[in-house]
Structure formats: C-alpha cells, structure tokens
Amino acid sequence: LVNDFLLSSSFMDNKISFLVFKDINGDIVLGKGFDHIKLRNMELDESIEEILESDVLLDLETVNTGLVVTENGLVMISTSPILTTDGKGPALGITICGRILDPMEVYRLSETTSVNLQLVENNDAIADGELTGSAYYVTRPKYDTITAFKAIKDMNGVESIALVVQSDRDYFNQAVIMLAYFVGASVLSGLIIGLIAIIATNRYILEKIIKLSEE
C-alpha cells in the first residue's frame with residue numbers, strides 16, 4: 001500500500017533520490033529509488049545498500065542528517081524514527097531518505113546560493129592537515145577570482161569532504177576600475193592644466209618679453 005503512494009512526482013517534488021523504511025531490527029521493509037537525470041525509477045545499488053547498513057542510520061531516537069561518501073559520490077542523508085502522529089514512541093522503525101549529489105543537484109545548490117560551489121572528496125588539503133576543525137584555506141587561482149576551502153564532517157564524524165567555493169573578486173575588480181579611472185582622470189587633468197599653463201605663459205609673458213627685446 002505504501003509503495004502505491006511513492007510516485008515519481010513524490011521524489012521529484014521532494015528532490016530525493018531514494019526512500020527506505022526499516023523496522024526496529026534494521027531490516028528493509030520497503031525501498032525505492034529515483035534517477036533525477038534519466039527521470040525514471042531505479043534500483044538501490046550496492047553503494048546505497050552499504051550506506052543503509054551503517055549503524056549511524058539505525059538510531060531510533062533522534063533525527064540525523066549529514067553527508068556520506070560512497071563509491072559513486074556523495075550522498076545527503078536524513079533519517080527519522082517512525083513515531084505516531086503525536087510524535088510519541090516507541091519507534092516502529094526508521095525512515096531514511098537521501099539525495100545523490102549528482103552534477104544537476106550541485107548546480108541547483110550553486111544557483112540557490114548564487115556562488116560556484118563544489119563538494120570534493122578526500123581533498124589534498126584535508127590529507128595534509130591544512131583543513132581541520134574550523135580552519136579554512138583561501139587561494140587566488142586567477143587575478144580576478146578567489147577560491148575558499150572548508151572541511152566538512154560526514155555522518156561518521158570524519159573530515160573527509162571539502163566544500164569548495166569559487167567567486168569573482170567583485171569588490172576588488174571595482175576598486176581596480178575606480179583606481180584606473182582616478183589615475184586616468186588625474187593624468188588627463190594634469191595634461192590639461194599643463195597645456196593651459198603653457199598657453200598662458202606664452203601669451204602673457206613670453207610675447208611681452210619678445211616685444212621688449214625687439215624694441
């Protein structure tokens with residue numbers, strides 16, 4: 001009966017890639033997946049089934065959310081115990097929903113946040129210990145762009161993911177343009193003042209000196 005309500009539109013409207021119901025023993029009662037790129041139902045592959053076996057996802061008391069690293073990329077996970085309408089227990093099982101961070105979803109997140117962001121696994125900066133805790137790392141790959149890296153913990157508490165945000169240096173570029181205009185205006189003003197001074201000197205001083213010399 002529940003499977004009849006898990007339509008493709010439900011996955012598309014809620015932007016999830018799979019939805020799984022487990023009982024209190026951790027056994028899958030119902031599971032269904034949806035491919036947002038091909039827009040069709042899909043089977044739960046081995047990488048997702050491996051996630052579902054994690055002890056972190058079997059918490060029957062609290063709601064858990066986070067990222068999980070799989071062989072096929074990163075997955076956003078959210079779990080919630082199955083309770084009564086009033087939110088009372090004991091829990092009858094657990095609901096697990098997830099979204100595979102495919103290129104389309106990453107692009108949607110970039111459009112929503114208005115920045116060029118990426119989620120990178122096993123980043124070199126993390127491996128070298130440069131990105132730990134609240135630390136972040138900033139580079140300037142180009143003259144007019146800036147890139148920032150921040151380590152993110154997965155659902156197991158391991159800093160194995162790096163959030164990469166790249167943005168144009170808008171304020172810097174505007175400052176450079178304003179400085180160029182200021183320098184250009186200053187040079188042009190100097191040339192005009194100098195030209196006026198030469199003309200005035202020639203007309204009111206040099207010409208009179210030349211006349212006196214001739215007389």
# chains A, B, ... in the order shown; residues from 1 in each chain; ligands from 1

$ residues_around --residues "Tyr143 (chain A)" --least-positions-apart "5" --cutoff "10 Å" --atoms "only C-alpha atoms" --output "MDAnalysis selection string"
chainID A and resid 168:169 172:173

$ residues_around --residues "region 108-119 of chain A" --least-positions-apart "6" --cutoff "10 Å" --atoms "only C-alpha atoms" --output "list in words"
Gly73, Leu74, Leu101, Thr147, Ala148, Phe149, Lys150, Ala151, Ile152, Ile161, Ala162, Leu163, Val164, Val165, Gln166, Ser167 and Asp168 of chain A

$ residues_around --residues "region 39-49 of chain A" --least-positions-apart "3" --cutoff "12 Å" --atoms "only C-alpha atoms" --output "ChimeraX atom specification"
/A:6-12,15-20,27-28,30-36,52-54,57,68-77,96-100

$ select_by_dssp --residues "region 15-164 of chain A" --states "alpha helix (DSSP H)" --output "JSON, numbers by chain"
{"A": [46, 47, 48, 49, 50, 51, 52, 103, 104, 105, 106, 107, 108, 109, 110, 111, 112, 113, 124, 125, 126, 127]}

$ closest_residue --among "A:Pro103, A:Ile24, A:Ser78, A:Thr139" --to "Pro90 (chain A)" --atoms "only C-alpha atoms"
A:Ile24

$ select_by_dssp --residues "region 6-209 of chain A" --states "strand (DSSP E)" --output "NGL selection string"
:A and (18-23 or 28-35 or 40-42 or 64-70 or 73-81 or 93-100 or 116-121 or 136-142 or 145-153 or 159-168)

$ closest_residue --among "A:Asp102, A:Asp23, A:Leu60, A:Asp55" --to "Lys38 (chain A)" --atoms "only C-alpha atoms"
A:Asp102

$ closest_residue --among "A:Ile198, A:Ala180, A:Met104, A:Val158" --to "Leu67 (chain A)" --atoms "only C-alpha atoms"
A:Val158

$ atom_distance --atom1 "CA of Lys142 (chain A)" --atom2 "CA of Phe182 (chain A)"
24.2 Å

$ atom_distance --atom1 "CA of Thr145 (chain A)" --atom2 "CA of Tyr107 (chain A)"
18.9 Å
